[in-house]
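K.L.:
Mind having a look at this structure? Questions to follow.
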Amino acid sequence: MTLVQLVYSSRPAGSPASRDLMQILGKARARNAATGITGLLCYTGARFLQVLEGERDDVCETFYRILRDERHIQVRLLAFHYPTARGFAEWAMGYAGTGDMGADVMRRHVAGGTSDQLGNDAETTTAFLRDLARSLASDTAPGF
Ligand code: FAD
């Protein structure tokens, strides 16, 4: 198995209601569980940030489907790594919405603690998602 980790950001095509986010998440979790993909999806209020990890071909096929999805636009591939181990092994797709992004996690990664700067560069976004996953894991199970 060739393990890869992919990170991207995008903007929602409209203003997604929590029902829309639940639909995306429900489908994502079912399909990811079937192919062994793990990761975290974060909705900042302005952008989606997502990390996907798993077998290279499965992650690439999933990302191609995500790219074609009309529910978001301006998809930016930020990082594509070959890690030695999964960083998000516990979630078929964890989720963090605007209310889940603790101020302390935000402050550690973005000047002024506002989410606008997330999704621009690979390093900040990946570190933020890792830190967010840790804070969610130590808190409660992520998701709705
Ligand atoms: P179908 O379900 O046949 O849908 C085809 C197209 O119809 C979609 O691309 C979309 O444009 C549109 N569509 C589908 N459902 C709706 C709806 N309820 N409302 C409006 N339009 C709709 N999929 C994964 O497998 N894993 C993930 O981790 C993942 N993460 C995602 C993250 C984001 C931010 C978004 C927007 C989508 C994500 N998806 C994920 C969903 C993915 O884009 C595909 O829709 C899904 O994988 C199903 O693929 P499909 O080819 O069977 O599409």
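Ordering of the structure tokens sets the chain letters (A, B, ...); residue numbers start at 1 within each chain; ligands are numbered from 1 in the order shown.
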Throw together the list of residues within 8 Å of ligand 1, counting only C-alpha atoms and all ligand atoms, and drop it here as a PyMOL selection string.
P.N.:
chain A and resi 10+12+20+23-25+27-32+37-39+41+48-50+52+62-63+65-72+93
K.L.:
If you run DSSP on the backbone here, which positions in segment 18-98 of chain A get strand (DSSP E or B)? Please write them as JSON, numbers by chain.
P.N.:
{"A": [38, 39, 40, 41, 42, 43, 48, 49, 50, 51, 52, 53, 54, 55, 72, 73, 74, 75, 76, 77, 78, 79, 80, 81, 94, 95, 96]}
K.L.:
Using atom CA of Gln5 of chain A and atom CA of Gly112 of chain A as the two end points, give the distance in Å to one decimal.
P.N.:
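Computed distance, atom CA of Gln5 of chain A to atom CA of Gly112 of chain A, equals 28.4 Å.
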K.L.:
Apply DSSP to the backbone of this structure and, from chain A, keep only the residues in alpha helix (DSSP H); write these as a PyMOL selection string.
P.N.:
chain A and resi 18-35+56-68+103-109+122-139
K.L.:
From the options A:Leu40, A:Asp116, A:Pro16, A:Thr124, which residue's atoms come nearest to Leu136 of chain A, counting only C-alpha atoms?
P.N.:
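Among the listed residues, the smallest separation from Leu136 of chain A belongs to A:Leu40.
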K.L.:
Between A:Ala127, A:Val51, A:Leu6, A:Met1, which one has atoms that come closest to Phe80 of chain A, using only C-alpha atoms?
P.N.:
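Of A:Ala127, A:Val51, A:Leu6, A:Met1, the one nearest Phe80 of chain A is A:Leu6, counting only C-alpha atoms.
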K.L.:
Taking only C-alpha atoms into account, name the residue in A:Phe128, A:Tyr43, A:Phe88, A:Tyr8 that is nearest to Asp100 of chain A.
P.N.:
A:Tyr43
K.L.:
Of the candidates A:Arg76, A:Arg19, A:Arg47, A:Arg130, which one gets nearest to Arg108 of chain A if we count only C-alpha atoms?
P.N.:
A:Arg130
K.L.:
Can you tell me how far atom CA of Ala33 of chain A sits from atom CA of Leu129 of chain A, in Å to one decimal?
P.N.:
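One can read the atom CA of Ala33 of chain A to atom CA of Leu129 of chain A distance as 19.9 Å.
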